[in-house]
Amino acid sequence: MSFKDIRGQQQAIKLLQKEIATSSVGGTYLFTGPAGVGKSLTALTFAKALNCEKGKTDSCDRCSSCRKIEHGNHPDVRVITPEKDSIKIEQTRSLKREVVYKLYEGRKKVWIIEKADSLTLEAANSLLKLLEEPPAEVVLILISQSEGKLLPTILSRCRIIRFLPLSLKEIEEIIAEHLPQNPEKIHLLARLARGKVGEALRLIKEEGILENREEILDSLKKERKIEEIFNLAARWASYNKEELERILDILLFWFRDLLILKQGGDRWLINDDKTRELKKQKEKYSFLDLKQIIETIEKTRYYLKSNVNQRLALEAMWLKLVYRT
């Protein structure tokens, strides 16, 4: 894959290509932005463009160098990933030893550090000198979802390239390439993807996503006893964080649509295939109910990201949804 094939990150790519064209490529970069928007793919494509035998501002994807990088076996391009949730000092020490070696066959050594925000304090500090003065033939690319999780001393040594979520239209176009005959599913998946190409591609493969929505929305219709609420929360707590976030999105979209209808509108509904059902349900809720429910779901999302007990967070959410306390 070359730069021209990467969707929605034209600003970041234009900047990188300009640096290649003007021979002003830096030694240290930080690619930052949400997961799934193309940071790692762009980093590898940047490495390919820097070492492409055609010597232009994009990779040709055909030469020996491009193919080796694509398949992960180029001797001058390495990707460092966390070991057991963190990048440890042994990994950074190994990197520091290897960068002094001569180039094997490329024009630039490119080291890509995935999830740089998982660097231990010792590992981060051991990198500082290298980040400040990398060898002339070395390019270091740190990848992180957030600048705020990195040491200021690391940030100050990096050229920061920011990646943004894709627009809804761009995501819909990508999904439509895979599901051209299913506009109902395209509409829902594009919103569930939240501007992330990676998430959109995962959702496309999940054939039961519409059925899952039915099950989740059905859970809102039933009168539930306390024991049933706890059982439902326990079942949902067994899901991974990505699955839980998707469930919360489906709930949020439903109550958002109810709020739109409550205000007298019927455009921009996400669940527009269920307009009749939404119109019936809106009478069950006041404006204040809907506002508090949306706030409750958003708070639950925050709690789950903060590594609180998933089951307790979901139990608290359901109790508030059911009893509106």
# chains A, B, ... in the order shown; residues from 1 in each chain; ligands from 1
$ closest_atom_pairs --of "region 60-97 of chain A" --to "region 132-145 of chain A" --cutoff "12 Å" --atoms "only C-alpha atoms" --output "tab-separated table"
residue	atom	partner	partner_atom	distance
A:Asp76	CA	A:Val138	CA	9.2
A:Val77	CA	A:Val139	CA	9.6
A:Arg78	CA	A:Leu140	CA	9.8
A:Val79	CA	A:Ile141	CA	9.4
A:Ile80	CA	A:Leu142	CA	9.6
A:Thr81	CA	A:Ile143	CA	10.2
A:Pro82	CA	A:Ile143	CA	11.8
A:Ile87	CA	A:Leu142	CA	11.8
A:Thr92	CA	A:Leu140	CA	11.9
A:Leu95	CA	A:Leu140	CA	10.3
A:Lys96	CA	A:Pro134	CA	9.6
$ write_last_selection --atoms "N, CA and C atoms" --output "short mmCIF file (atom, residue, chain, number, x, y, z; two decimals), in the first residue's frame"
data_model
loop_
_atom_site.label_atom_id
_atom_site.label_comp_id
_atom_site.auth_asym_id
_atom_site.auth_seq_id
_atom_site.Cartn_x
_atom_site.Cartn_y
_atom_site.Cartn_z
N ASP A 76 16.47 -3.03 7.55
CA ASP A 76 16.65 -1.67 8.06
C ASP A 76 15.36 -1.06 8.60
N VAL A 77 14.29 -1.83 8.66
CA VAL A 77 13.02 -1.32 9.17
C VAL A 77 12.52 -2.26 10.27
N ARG A 78 12.31 -1.72 11.45
CA ARG A 78 11.87 -2.54 12.59
C ARG A 78 10.63 -1.92 13.23
N VAL A 79 9.79 -2.77 13.76
CA VAL A 79 8.62 -2.33 14.53
C VAL A 79 8.75 -2.89 15.94
N ILE A 80 8.72 -2.00 16.92
CA ILE A 80 8.81 -2.40 18.32
C ILE A 80 7.42 -2.32 18.93
N THR A 81 6.98 -3.42 19.54
CA THR A 81 5.65 -3.47 20.16
C THR A 81 5.80 -3.81 21.64
N PRO A 82 4.79 -3.47 22.44
CA PRO A 82 4.87 -3.74 23.88
C PRO A 82 4.98 -5.24 24.18
N ILE A 87 6.41 -1.25 26.98
CA ILE A 87 7.71 -1.31 26.30
C ILE A 87 8.77 -1.12 27.38
N THR A 92 14.39 -0.90 24.65
CA THR A 92 15.00 0.36 24.20
C THR A 92 16.52 0.25 24.19
N LEU A 95 17.37 -1.41 20.98
CA LEU A 95 17.24 -0.44 19.89
C LEU A 95 18.49 0.44 19.82
N LYS A 96 18.93 0.94 20.96
CA LYS A 96 20.09 1.84 21.00
C LYS A 96 21.37 1.13 20.52
#
$ residues_around --residues "region 17-20 of chain A" --least-positions-apart "4" --cutoff "10 Å" --atoms "only C-alpha atoms" --output "list of chain:residue names"
A:Phe3, A:Ala12, A:Ile13, A:Ser24, A:Val25, A:Gly26, A:Phe46, A:Ala49, A:Leu50, A:Gly55, A:Lys56, A:Thr57, A:Asp58
$ write_last_selection --atoms "C-alpha atoms" --output "mmCIF file, in the first residue's frame"
data_model
loop_
_atom_site.group_PDB
_atom_site.id
_atom_site.type_symbol
_atom_site.label_atom_id
_atom_site.label_comp_id
_atom_site.auth_asym_id
_atom_site.auth_seq_id
_atom_site.Cartn_x
_atom_site.Cartn_y
_atom_site.Cartn_z
ATOM 1 C CA PHE A 3 0.359 6.964 0.399
ATOM 2 C CA ALA A 12 -0.405 14.307 7.477
ATOM 3 C CA ILE A 13 0.685 12.582 4.266
ATOM 4 C CA SER A 24 14.169 17.753 5.249
ATOM 5 C CA VAL A 25 13.153 14.458 6.837
ATOM 6 C CA GLY A 26 13.537 14.648 10.614
ATOM 7 C CA PHE A 46 6.727 6.447 5.130
ATOM 8 C CA ALA A 49 8.862 5.801 0.570
ATOM 9 C CA LEU A 50 12.165 6.648 2.281
ATOM 10 C CA GLY A 55 13.458 7.369 -5.080
ATOM 11 C CA LYS A 56 10.242 9.402 -5.217
ATOM 12 C CA THR A 57 7.879 10.768 -2.548
ATOM 13 C CA ASP A 58 5.697 7.651 -2.488
#
$ residues_around --residues "Leu128 (chain A)" --least-positions-apart "6" --cutoff "9 Å" --atoms "only C-alpha atoms" --output "ChimeraX atom specification"
/A:153-154,157
$ residues_around --residues "Ser40 (chain A)" --least-positions-apart "5" --cutoff "9 Å" --atoms "only C-alpha atoms" --output "PyMOL selection string"
chain A and resi 31+45+112+114+143
$ select_by_dssp --residues "region 95-273 of chain A" --states "alpha helix (DSSP H)" --output "ChimeraX atom specification"
/A:95-98,121-132,152-155,168-178,183-193,197-205,209-221,226-237,241-262
$ closest_residue --among "A:Ala43, A:Leu130, A:Val322, A:Ala116" --to "Lys225 (chain A)" --atoms "only C-alpha atoms"
A:Val322
